[in-house]
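Accompanying notes for the structure given below.
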Amino acid sequence: MEMNNSNNSNNSNNSNNSKNSNNNSNSNSNSNNNNNSNSNSNRYIPTHEEKEAIFNEIVKDASGSGYLINPDKDFVDFLMNSLLINVKRYGYRSCPCRLSAGDKAKDLDIICPCDYRDADVTEFGMCYCSLYVSKDVFDGKKEPHSIPERRGVEDNEKMDKNNDNNNNNNSNNDTKNTKNVSDTRSKISEANLKNEQNSDDRKSEKMLESNEIFPGSKYPVWRCKVCGYLCARDLPPDVCPICKATKERFERFS
C-alpha cells in the first residue's frame, strides 16, 4: 500500500509538471505572436488606394506638363510604394532611387519630380528612376536602362569653372596693370558713349542675360513660338504641353 501511494504521488507530480510546461510553452508562444504582431503593425505598408491616389496625381501633373510615365505598371507600382514610404518617413516625396538626408531643405533638388528630370529625359530618354520617360521609351522604340547620376556633377563643374574664371581673372588683372592709363580712359569713354546710344537695347539685353525677367531661375528660358508657352530648363521640351508643338518650334528667350 505504501508503494502504491508513492507511485500515485509521483504520477501526480509529473502530471502537474507537464501541465506547467505546456502552460509556459503556450505563454511563450503567445508572447512571441504578440511581439510579431506589434512588429508588423509598426511597419508601414501603403494601401492600393494610397498608391493609386499618388499615381493619379503624378499622371495629372505629367500630362499637363508634356511628360510621359513609364508604361510598365508593375515597376511604377513599386515606385509609388517607395514614394509613399518616403512620405511617411520624411514628410515629403524624396526620390526613391537616392539616399535622403532626412532634411527637406537639403533634399529639395531630389523631391519627385527632381531637378534633374528634364536633362535626364532629354539626354537619356528617362529620369534617374525611369518614372518619367521620353516618347520613344513610352512607345517601346527604346528600352529603359540605367543612367548615370547627375546630382552633384553640376556642382563640381561649377567649382571647376569658378576656379578657371579666378585664374583667368588673375591673369587678366596682371595684363591690365601693364596697360597705359590713357588707353584705359579712352576705352572707358568709348564704352560709355556706346552705352548711351544703345541704352534701351542694353537694358533689355542685361535683363535677359541676368534672368531679371525670371528672377531666381538658374536655367535658360524657352518660348514656344506657336502659343507663347514659357519654360525654364536646360533644353526645350520635346512637345509643348499647351499646343503640342514639337521642340523645333521653341526659341531661346533668355
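Residues are named by chain letter and number: chains run A, B, ... in the order of the C-alpha cells, numbers start at 1 in each chain, and ligands are numbered from 1 in the order shown.
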Give me, as an mmCIF file with N, CA and C atoms, in the first residue's frame, all polymer residues having an atom no more than 12 Å from A:Ile58, counting only C-alpha atoms and skipping those fewer than 6 positions away in the same chain.
```cif
data_model
loop_
_atom_site.group_PDB
_atom_site.id
_atom_site.type_symbol
_atom_site.label_atom_id
_atom_site.label_comp_id
_atom_site.auth_asym_id
_atom_site.auth_seq_id
_atom_site.Cartn_x
_atom_site.Cartn_y
_atom_site.Cartn_z
ATOM 1 N N LYS A 51 -1.613 54.194 -53.205
ATOM 2 C CA LYS A 51 -0.738 54.149 -54.382
ATOM 3 C C LYS A 51 -1.457 54.666 -55.625
ATOM 4 N N GLU A 52 -2.722 54.334 -55.728
ATOM 5 C CA GLU A 52 -3.499 54.813 -56.874
ATOM 6 C C GLU A 52 -3.677 56.325 -56.822
ATOM 7 N N GLY A 64 -0.193 67.336 -67.915
ATOM 8 C CA GLY A 64 -0.384 68.778 -68.040
ATOM 9 C C GLY A 64 0.890 69.523 -68.353
ATOM 10 N N SER A 65 2.036 68.835 -68.237
ATOM 11 C CA SER A 65 3.325 69.486 -68.482
ATOM 12 C C SER A 65 4.085 68.873 -69.651
ATOM 13 N N TYR A 67 4.849 65.549 -70.134
ATOM 14 C CA TYR A 67 5.704 64.416 -69.802
ATOM 15 C C TYR A 67 4.924 63.104 -69.931
ATOM 16 N N LEU A 68 5.676 62.004 -70.051
ATOM 17 C CA LEU A 68 5.071 60.689 -70.151
ATOM 18 C C LEU A 68 5.563 59.808 -69.005
ATOM 19 N N ILE A 69 4.690 58.894 -68.551
ATOM 20 C CA ILE A 69 5.019 57.995 -67.446
ATOM 21 C C ILE A 69 5.352 56.607 -67.994
ATOM 22 N N ASN A 70 6.321 55.967 -67.379
ATOM 23 C CA ASN A 70 6.732 54.616 -67.774
ATOM 24 C C ASN A 70 5.498 53.698 -67.874
ATOM 25 N N VAL A 76 6.086 50.819 -62.004
ATOM 26 C CA VAL A 76 5.564 52.090 -61.491
ATOM 27 C C VAL A 76 4.896 51.879 -60.140
ATOM 28 N N LEU A 79 7.511 51.942 -57.579
ATOM 29 C CA LEU A 79 7.977 53.305 -57.309
ATOM 30 C C LEU A 79 6.973 54.069 -56.446
ATOM 31 N N MET A 80 5.675 53.885 -56.711
ATOM 32 C CA MET A 80 4.657 54.549 -55.905
ATOM 33 C C MET A 80 4.724 54.074 -54.459
ATOM 34 N N LEU A 83 7.732 55.758 -52.900
ATOM 35 C CA LEU A 83 7.476 57.180 -52.677
ATOM 36 C C LEU A 83 6.626 57.396 -51.428
ATOM 37 N N ARG A 93 8.151 63.845 -50.702
ATOM 38 C CA ARG A 93 8.379 62.819 -51.717
ATOM 39 C C ARG A 93 9.856 62.735 -52.118
ATOM 40 N N CYS A 112 10.530 64.405 -55.756
ATOM 41 C CA CYS A 112 9.936 63.994 -57.032
ATOM 42 C C CYS A 112 8.797 64.939 -57.457
ATOM 43 N N PRO A 113 8.840 65.474 -58.702
ATOM 44 C CA PRO A 113 9.865 65.269 -59.719
ATOM 45 C C PRO A 113 11.128 66.081 -59.410
ATOM 46 N N LEU A 131 10.840 56.761 -64.014
ATOM 47 C CA LEU A 131 9.419 57.040 -63.853
ATOM 48 C C LEU A 131 8.912 57.885 -65.015
ATOM 49 N N TYR A 132 9.629 58.968 -65.312
ATOM 50 C CA TYR A 132 9.316 59.823 -66.453
ATOM 51 C C TYR A 132 10.161 59.358 -67.642
#
```
Find the residues around A:Pro241 up to 12 Å (only C-alpha atoms counted), leave out those fewer than 4 positions away in its own chain, and share them as a PyMOL selection string.
-> chain A and resi 61-68+223-224+226-231+236-237+245-247
Let me see the file: selected residues, N, CA, C and O atoms, as a PDB file, in the first residue's frame.
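For reference, part-v2.pdb as written:
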```pdb
ATOM      1  N   ASP A  61      -0.124  65.689 -63.294  1.00  0.00           N
ATOM      2  CA  ASP A  61       0.933  66.699 -63.416  1.00  0.00           C
ATOM      3  C   ASP A  61       1.746  66.476 -64.677  1.00  0.00           C
ATOM      4  O   ASP A  61       2.093  67.424 -65.386  1.00  0.00           O
ATOM      5  N   ALA A  62       2.052  65.208 -64.973  1.00  0.00           N
ATOM      6  CA  ALA A  62       2.869  64.890 -66.142  1.00  0.00           C
ATOM      7  C   ALA A  62       2.155  65.234 -67.441  1.00  0.00           C
ATOM      8  O   ALA A  62       2.737  65.862 -68.335  1.00  0.00           O
ATOM      9  N   SER A  63       0.896  64.841 -67.547  1.00  0.00           N
ATOM     10  CA  SER A  63       0.141  65.099 -68.776  1.00  0.00           C
ATOM     11  C   SER A  63      -0.078  66.582 -69.001  1.00  0.00           C
ATOM     12  O   SER A  63      -0.110  67.049 -70.132  1.00  0.00           O
ATOM     13  N   GLY A  64      -0.193  67.336 -67.915  1.00  0.00           N
ATOM     14  CA  GLY A  64      -0.384  68.778 -68.040  1.00  0.00           C
ATOM     15  C   GLY A  64       0.890  69.523 -68.353  1.00  0.00           C
ATOM     16  O   GLY A  64       0.857  70.704 -68.712  1.00  0.00           O
ATOM     17  N   SER A  65       2.036  68.835 -68.237  1.00  0.00           N
ATOM     18  CA  SER A  65       3.325  69.486 -68.482  1.00  0.00           C
ATOM     19  C   SER A  65       4.085  68.873 -69.651  1.00  0.00           C
ATOM     20  O   SER A  65       5.238  69.206 -69.889  1.00  0.00           O
ATOM     21  N   GLY A  66       3.453  67.971 -70.361  1.00  0.00           N
ATOM     22  CA  GLY A  66       4.082  67.401 -71.542  1.00  0.00           C
ATOM     23  C   GLY A  66       5.013  66.235 -71.272  1.00  0.00           C
ATOM     24  O   GLY A  66       5.869  65.927 -72.100  1.00  0.00           O
ATOM     25  N   TYR A  67       4.849  65.549 -70.134  1.00  0.00           N
ATOM     26  CA  TYR A  67       5.704  64.416 -69.802  1.00  0.00           C
ATOM     27  C   TYR A  67       4.924  63.104 -69.931  1.00  0.00           C
ATOM     28  O   TYR A  67       3.697  63.097 -69.898  1.00  0.00           O
ATOM     29  N   LEU A  68       5.676  62.004 -70.051  1.00  0.00           N
ATOM     30  CA  LEU A  68       5.071  60.689 -70.151  1.00  0.00           C
ATOM     31  C   LEU A  68       5.563  59.808 -69.005  1.00  0.00           C
ATOM     32  O   LEU A  68       6.692  59.941 -68.548  1.00  0.00           O
ATOM     33  N   ARG A 223      10.787  79.679 -75.204  1.00  0.00           N
ATOM     34  CA  ARG A 223       9.445  80.158 -75.565  1.00  0.00           C
ATOM     35  C   ARG A 223       8.941  79.413 -76.791  1.00  0.00           C
ATOM     36  O   ARG A 223       9.654  79.280 -77.789  1.00  0.00           O
ATOM     37  N   CYS A 224       7.703  78.914 -76.672  1.00  0.00           N
ATOM     38  CA  CYS A 224       7.065  78.278 -77.823  1.00  0.00           C
ATOM     39  C   CYS A 224       6.596  79.373 -78.783  1.00  0.00           C
ATOM     40  O   CYS A 224       5.829  80.257 -78.399  1.00  0.00           O
ATOM     41  N   VAL A 226       4.631  79.089 -81.164  1.00  0.00           N
ATOM     42  CA  VAL A 226       3.257  78.884 -81.613  1.00  0.00           C
ATOM     43  C   VAL A 226       2.253  79.502 -80.643  1.00  0.00           C
ATOM     44  O   VAL A 226       1.372  80.256 -81.044  1.00  0.00           O
ATOM     45  N   CYS A 227       2.400  79.173 -79.348  1.00  0.00           N
ATOM     46  CA  CYS A 227       1.409  79.638 -78.368  1.00  0.00           C
ATOM     47  C   CYS A 227       1.990  80.571 -77.300  1.00  0.00           C
ATOM     48  O   CYS A 227       1.242  81.126 -76.501  1.00  0.00           O
ATOM     49  N   GLY A 228       3.320  80.730 -77.253  1.00  0.00           N
ATOM     50  CA  GLY A 228       3.921  81.632 -76.277  1.00  0.00           C
ATOM     51  C   GLY A 228       4.250  80.993 -74.945  1.00  0.00           C
ATOM     52  O   GLY A 228       4.676  81.674 -74.009  1.00  0.00           O
ATOM     53  N   TYR A 229       4.058  79.688 -74.815  1.00  0.00           N
ATOM     54  CA  TYR A 229       4.371  78.980 -73.560  1.00  0.00           C
ATOM     55  C   TYR A 229       5.844  79.161 -73.198  1.00  0.00           C
ATOM     56  O   TYR A 229       6.732  79.068 -74.052  1.00  0.00           O
ATOM     57  N   LEU A 230       6.116  79.461 -71.920  1.00  0.00           N
ATOM     58  CA  LEU A 230       7.476  79.662 -71.439  1.00  0.00           C
ATOM     59  C   LEU A 230       7.848  78.567 -70.450  1.00  0.00           C
ATOM     60  O   LEU A 230       7.032  78.145 -69.634  1.00  0.00           O
ATOM     61  N   CYS A 231       9.096  78.121 -70.498  1.00  0.00           N
ATOM     62  CA  CYS A 231       9.579  77.134 -69.533  1.00  0.00           C
ATOM     63  C   CYS A 231      11.067  77.367 -69.288  1.00  0.00           C
ATOM     64  O   CYS A 231      11.796  77.777 -70.189  1.00  0.00           O
ATOM     65  N   PRO A 236      14.656  72.797 -74.572  1.00  0.00           N
ATOM     66  CA  PRO A 236      13.196  72.867 -74.702  1.00  0.00           C
ATOM     67  C   PRO A 236      12.579  71.479 -74.611  1.00  0.00           C
ATOM     68  O   PRO A 236      13.238  70.471 -74.903  1.00  0.00           O
ATOM     69  N   PRO A 237      11.313  71.385 -74.202  1.00  0.00           N
ATOM     70  CA  PRO A 237      10.651  70.081 -74.111  1.00  0.00           C
ATOM     71  C   PRO A 237      10.423  69.492 -75.503  1.00  0.00           C
ATOM     72  O   PRO A 237      10.396  70.217 -76.497  1.00  0.00           O
ATOM     73  N   ALA A 245       3.132  71.600 -79.959  1.00  0.00           N
ATOM     74  CA  ALA A 245       4.164  71.853 -80.971  1.00  0.00           C
ATOM     75  C   ALA A 245       5.451  71.141 -80.576  1.00  0.00           C
ATOM     76  O   ALA A 245       5.741  70.969 -79.395  1.00  0.00           O
ATOM     77  N   THR A 246       6.234  70.704 -81.552  1.00  0.00           N
ATOM     78  CA  THR A 246       7.481  69.990 -81.274  1.00  0.00           C
ATOM     79  C   THR A 246       8.568  70.966 -80.828  1.00  0.00           C
ATOM     80  O   THR A 246       8.429  72.191 -80.972  1.00  0.00           O
ATOM     81  N   LYS A 247       9.666  70.415 -80.289  1.00  0.00           N
ATOM     82  CA  LYS A 247      10.713  71.260 -79.719  1.00  0.00           C
ATOM     83  C   LYS A 247      11.387  72.169 -80.742  1.00  0.00           C
ATOM     84  O   LYS A 247      12.000  73.177 -80.366  1.00  0.00           O
TER      85      LYS A 247
END
```
Near-A:Val221 list (9 Å; only C-alpha atoms; drop same-chain fewer than 6 positions) as a list in words =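 Neighbouring residues, sequence-local ones excluded: Asn211, Phe214, Leu230, Cys231, Ala232, Arg233, Asp234, Leu235, Pro236, Glu251, Arg252, Phe253 and Ser254 of chain A.
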Export all heavy atoms of the chosen residues as an mmCIF file, in the first residue's frame?
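Saved file result29.cif follows:
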```
data_model
loop_
_atom_site.group_PDB
_atom_site.id
_atom_site.type_symbol
_atom_site.label_atom_id
_atom_site.label_comp_id
_atom_site.auth_asym_id
_atom_site.auth_seq_id
_atom_site.Cartn_x
_atom_site.Cartn_y
_atom_site.Cartn_z
ATOM 1 N N ASN A 211 18.745 87.128 -66.211
ATOM 2 C CA ASN A 211 17.489 86.465 -65.833
ATOM 3 C C ASN A 211 16.644 87.323 -64.903
ATOM 4 O O ASN A 211 15.957 86.814 -64.032
ATOM 5 C CB ASN A 211 17.758 85.115 -65.170
ATOM 6 C CG ASN A 211 17.429 83.966 -66.110
ATOM 7 O OD1 ASN A 211 16.846 84.163 -67.158
ATOM 8 N ND2 ASN A 211 17.813 82.771 -65.715
ATOM 9 N N PHE A 214 12.992 86.518 -65.090
ATOM 10 C CA PHE A 214 12.614 85.359 -64.293
ATOM 11 C C PHE A 214 13.615 85.218 -63.148
ATOM 12 O O PHE A 214 14.521 84.381 -63.209
ATOM 13 C CB PHE A 214 12.608 84.089 -65.152
ATOM 14 C CG PHE A 214 11.630 84.155 -66.289
ATOM 15 C CD1 PHE A 214 12.008 84.618 -67.532
ATOM 16 C CD2 PHE A 214 10.319 83.759 -66.100
ATOM 17 C CE1 PHE A 214 11.106 84.678 -68.576
ATOM 18 C CE2 PHE A 214 9.409 83.816 -67.144
ATOM 19 C CZ PHE A 214 9.795 84.284 -68.380
ATOM 20 N N LEU A 230 6.116 79.461 -71.920
ATOM 21 C CA LEU A 230 7.476 79.662 -71.439
ATOM 22 C C LEU A 230 7.848 78.567 -70.450
ATOM 23 O O LEU A 230 7.032 78.145 -69.634
ATOM 24 C CB LEU A 230 7.609 81.026 -70.750
ATOM 25 C CG LEU A 230 7.344 82.272 -71.600
ATOM 26 C CD1 LEU A 230 7.394 83.514 -70.727
ATOM 27 C CD2 LEU A 230 8.349 82.380 -72.739
ATOM 28 N N CYS A 231 9.096 78.121 -70.498
ATOM 29 C CA CYS A 231 9.579 77.134 -69.533
ATOM 30 C C CYS A 231 11.067 77.367 -69.288
ATOM 31 O O CYS A 231 11.796 77.777 -70.189
ATOM 32 C CB CYS A 231 9.339 75.704 -70.021
ATOM 33 S SG CYS A 231 10.120 75.304 -71.584
ATOM 34 N N ALA A 232 11.478 77.153 -68.048
ATOM 35 C CA ALA A 232 12.885 77.327 -67.664
ATOM 36 C C ALA A 232 13.518 75.956 -67.481
ATOM 37 O O ALA A 232 13.198 75.239 -66.530
ATOM 38 C CB ALA A 232 12.986 78.145 -66.370
ATOM 39 N N ARG A 233 14.406 75.581 -68.387
ATOM 40 C CA ARG A 233 15.081 74.281 -68.343
ATOM 41 C C ARG A 233 16.288 74.313 -69.270
ATOM 42 O O ARG A 233 16.443 75.257 -70.050
ATOM 43 C CB ARG A 233 14.121 73.148 -68.733
ATOM 44 C CG ARG A 233 13.337 73.417 -69.991
ATOM 45 C CD ARG A 233 12.267 72.366 -70.230
ATOM 46 N NE ARG A 233 12.851 71.085 -70.611
ATOM 47 C CZ ARG A 233 12.134 69.971 -70.772
ATOM 48 N NH1 ARG A 233 10.832 69.992 -70.544
ATOM 49 N NH2 ARG A 233 12.715 68.842 -71.122
ATOM 50 N N ASP A 234 17.143 73.304 -69.176
ATOM 51 C CA ASP A 234 18.361 73.292 -69.992
ATOM 52 C C ASP A 234 18.054 73.305 -71.475
ATOM 53 O O ASP A 234 18.683 74.023 -72.250
ATOM 54 C CB ASP A 234 19.216 72.064 -69.652
ATOM 55 C CG ASP A 234 19.867 72.175 -68.281
ATOM 56 O OD1 ASP A 234 20.221 73.307 -67.912
ATOM 57 O OD2 ASP A 234 20.017 71.153 -67.589
ATOM 58 N N LEU A 235 17.102 72.486 -71.896
ATOM 59 C CA LEU A 235 16.720 72.383 -73.306
ATOM 60 C C LEU A 235 15.197 72.426 -73.413
ATOM 61 O O LEU A 235 14.497 72.104 -72.448
ATOM 62 C CB LEU A 235 17.246 71.071 -73.904
ATOM 63 C CG LEU A 235 18.772 70.934 -73.983
ATOM 64 C CD1 LEU A 235 19.146 69.507 -74.401
ATOM 65 C CD2 LEU A 235 19.377 71.937 -74.944
ATOM 66 N N PRO A 236 14.656 72.797 -74.572
ATOM 67 C CA PRO A 236 13.196 72.867 -74.702
ATOM 68 C C PRO A 236 12.579 71.479 -74.611
ATOM 69 O O PRO A 236 13.238 70.471 -74.903
ATOM 70 C CB PRO A 236 13.007 73.473 -76.099
ATOM 71 C CG PRO A 236 14.253 73.129 -76.846
ATOM 72 C CD PRO A 236 15.349 73.190 -75.827
ATOM 73 N N GLU A 251 12.114 78.726 -79.110
ATOM 74 C CA GLU A 251 13.254 79.618 -79.275
ATOM 75 C C GLU A 251 13.775 80.023 -77.903
ATOM 76 O O GLU A 251 13.034 80.054 -76.909
ATOM 77 C CB GLU A 251 12.852 80.868 -80.057
ATOM 78 C CG GLU A 251 11.795 81.735 -79.370
ATOM 79 C CD GLU A 251 11.425 82.956 -80.188
ATOM 80 O OE1 GLU A 251 12.030 83.145 -81.254
ATOM 81 O OE2 GLU A 251 10.531 83.721 -79.749
ATOM 82 N N ARG A 252 15.050 80.321 -77.840
ATOM 83 C CA ARG A 252 15.666 80.752 -76.592
ATOM 84 C C ARG A 252 15.176 82.163 -76.239
ATOM 85 O O ARG A 252 15.318 83.094 -77.036
ATOM 86 C CB ARG A 252 17.202 80.742 -76.745
ATOM 87 C CG ARG A 252 17.987 81.237 -75.537
ATOM 88 C CD ARG A 252 18.053 80.210 -74.450
ATOM 89 N NE ARG A 252 18.880 80.707 -73.362
ATOM 90 C CZ ARG A 252 20.169 80.392 -73.181
ATOM 91 N NH1 ARG A 252 20.760 79.581 -74.047
ATOM 92 N NH2 ARG A 252 20.846 80.866 -72.163
ATOM 93 N N PHE A 253 14.568 82.293 -75.089
ATOM 94 C CA PHE A 253 14.005 83.574 -74.671
ATOM 95 C C PHE A 253 14.935 84.323 -73.734
ATOM 96 O O PHE A 253 14.914 85.536 -73.652
ATOM 97 C CB PHE A 253 12.643 83.345 -73.997
ATOM 98 C CG PHE A 253 11.857 84.593 -73.743
ATOM 99 C CD1 PHE A 253 11.277 85.282 -74.778
ATOM 100 C CD2 PHE A 253 11.695 85.093 -72.450
ATOM 101 C CE1 PHE A 253 10.544 86.444 -74.552
ATOM 102 C CE2 PHE A 253 10.974 86.247 -72.217
ATOM 103 C CZ PHE A 253 10.389 86.920 -73.276
ATOM 104 N N SER A 254 15.752 83.611 -72.994
ATOM 105 C CA SER A 254 16.727 84.248 -72.111
ATOM 106 C C SER A 254 17.854 83.276 -71.809
ATOM 107 O O SER A 254 17.733 82.087 -72.049
ATOM 108 C CB SER A 254 16.073 84.686 -70.804
ATOM 109 O OG SER A 254 15.724 83.569 -70.016
#
```
Distance query A:Cys129 at most 12 Å, only C-alpha atoms, self and fewer than 3 positions along chain excluded, as a PyMOL selection string | chain A and resi 69-70+75-76+78-80+82-83+94-98+110+112-114+116-117+120-121+124-126+132-133+144-150
Those selected residues, please, written with N, CA and C atoms and delivered as a short mmCIF file (atom, residue, chain, number, x, y, z; two decimals), in the first residue's frame.
```cif
data_model
loop_
_atom_site.label_atom_id
_atom_site.label_comp_id
_atom_site.auth_asym_id
_atom_site.auth_seq_id
_atom_site.Cartn_x
_atom_site.Cartn_y
_atom_site.Cartn_z
N ILE A 69 4.69 58.89 -68.55
CA ILE A 69 5.02 58.00 -67.45
C ILE A 69 5.35 56.61 -67.99
N ASN A 70 6.32 55.97 -67.38
CA ASN A 70 6.73 54.62 -67.77
C ASN A 70 5.50 53.70 -67.87
N PHE A 75 6.36 48.06 -62.40
CA PHE A 75 7.51 48.87 -61.99
C PHE A 75 7.06 50.19 -61.38
N VAL A 76 6.09 50.82 -62.00
CA VAL A 76 5.56 52.09 -61.49
C VAL A 76 4.90 51.88 -60.14
N PHE A 78 5.77 49.75 -57.91
CA PHE A 78 6.88 49.66 -56.95
C PHE A 78 7.40 51.05 -56.58
N LEU A 79 7.51 51.94 -57.58
CA LEU A 79 7.98 53.30 -57.31
C LEU A 79 6.97 54.07 -56.45
N MET A 80 5.68 53.88 -56.71
CA MET A 80 4.66 54.55 -55.91
C MET A 80 4.72 54.07 -54.46
N SER A 82 7.39 52.99 -52.91
CA SER A 82 8.59 53.56 -52.30
C SER A 82 8.41 55.05 -52.01
N LEU A 83 7.73 55.76 -52.90
CA LEU A 83 7.48 57.18 -52.68
C LEU A 83 6.63 57.40 -51.43
N SER A 94 10.66 62.28 -51.23
CA SER A 94 12.08 62.11 -51.55
C SER A 94 12.24 61.02 -52.61
N CYS A 95 13.12 61.26 -53.58
CA CYS A 95 13.35 60.31 -54.67
C CYS A 95 13.61 58.91 -54.13
N PRO A 96 12.87 57.90 -54.57
CA PRO A 96 13.04 56.55 -54.03
C PRO A 96 14.32 55.87 -54.51
N CYS A 97 15.00 56.46 -55.45
CA CYS A 97 16.22 55.86 -56.00
C CYS A 97 17.49 56.52 -55.48
N ARG A 98 17.34 57.46 -54.53
CA ARG A 98 18.51 58.15 -53.98
C ARG A 98 18.44 58.12 -52.45
N ILE A 110 15.89 66.71 -54.92
CA ILE A 110 15.53 65.33 -55.24
C ILE A 110 14.10 65.00 -54.80
N CYS A 112 10.53 64.40 -55.76
CA CYS A 112 9.94 63.99 -57.03
C CYS A 112 8.80 64.94 -57.46
N PRO A 113 8.84 65.47 -58.70
CA PRO A 113 9.86 65.27 -59.72
C PRO A 113 11.13 66.08 -59.41
N CYS A 114 12.28 65.45 -59.55
CA CYS A 114 13.55 66.08 -59.15
C CYS A 114 14.01 67.13 -60.15
N TYR A 116 16.58 67.14 -61.84
CA TYR A 116 17.39 66.58 -62.92
C TYR A 116 16.55 65.82 -63.95
N ARG A 117 15.25 65.82 -63.75
CA ARG A 117 14.37 65.07 -64.65
C ARG A 117 14.48 65.51 -66.10
N ASP A 120 17.80 64.60 -67.82
CA ASP A 120 17.95 63.15 -67.99
C ASP A 120 17.02 62.62 -69.07
N VAL A 121 15.77 63.08 -69.09
CA VAL A 121 14.83 62.62 -70.11
C VAL A 121 15.29 63.05 -71.49
N PHE A 124 18.91 60.95 -71.97
CA PHE A 124 18.89 59.50 -71.88
C PHE A 124 17.53 58.86 -72.18
N GLY A 125 16.50 59.68 -72.29
CA GLY A 125 15.18 59.14 -72.58
C GLY A 125 14.37 58.77 -71.36
N MET A 126 14.90 59.03 -70.16
CA MET A 126 14.20 58.71 -68.92
C MET A 126 14.87 59.43 -67.77
N TYR A 132 9.63 58.97 -65.31
CA TYR A 132 9.32 59.82 -66.45
C TYR A 132 10.16 59.36 -67.64
N VAL A 133 9.53 59.19 -68.79
CA VAL A 133 10.24 58.67 -69.96
C VAL A 133 9.93 59.51 -71.19
N PRO A 144 14.14 50.96 -71.52
CA PRO A 144 14.66 51.67 -70.34
C PRO A 144 15.97 51.04 -69.88
N HIS A 145 16.86 51.85 -69.37
CA HIS A 145 18.16 51.35 -68.90
C HIS A 145 18.67 52.26 -67.79
N SER A 146 19.66 51.79 -67.08
CA SER A 146 20.24 52.60 -66.01
C SER A 146 21.00 53.77 -66.60
N ILE A 147 20.97 54.90 -65.90
CA ILE A 147 21.67 56.09 -66.38
C ILE A 147 22.56 56.62 -65.27
N PRO A 148 23.58 57.40 -65.61
CA PRO A 148 24.50 57.92 -64.58
C PRO A 148 23.83 58.96 -63.69
N GLU A 149 24.29 59.06 -62.47
CA GLU A 149 23.78 60.05 -61.52
C GLU A 149 24.25 61.44 -61.92
N ARG A 150 23.30 62.36 -62.00
CA ARG A 150 23.64 63.73 -62.38
C ARG A 150 23.81 64.63 -61.16
#
```
How many Å lie between atom CA of A:Asp103 and atom CA of A:Val59, rounded to one decimal?
->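 One can read the atom CA of A:Asp103 to atom CA of A:Val59 distance as 26.3 Å.
One distance worth recording is that between atom CA of A:Gly102 and atom CA of A:Arg43, which is 18.4 Å.
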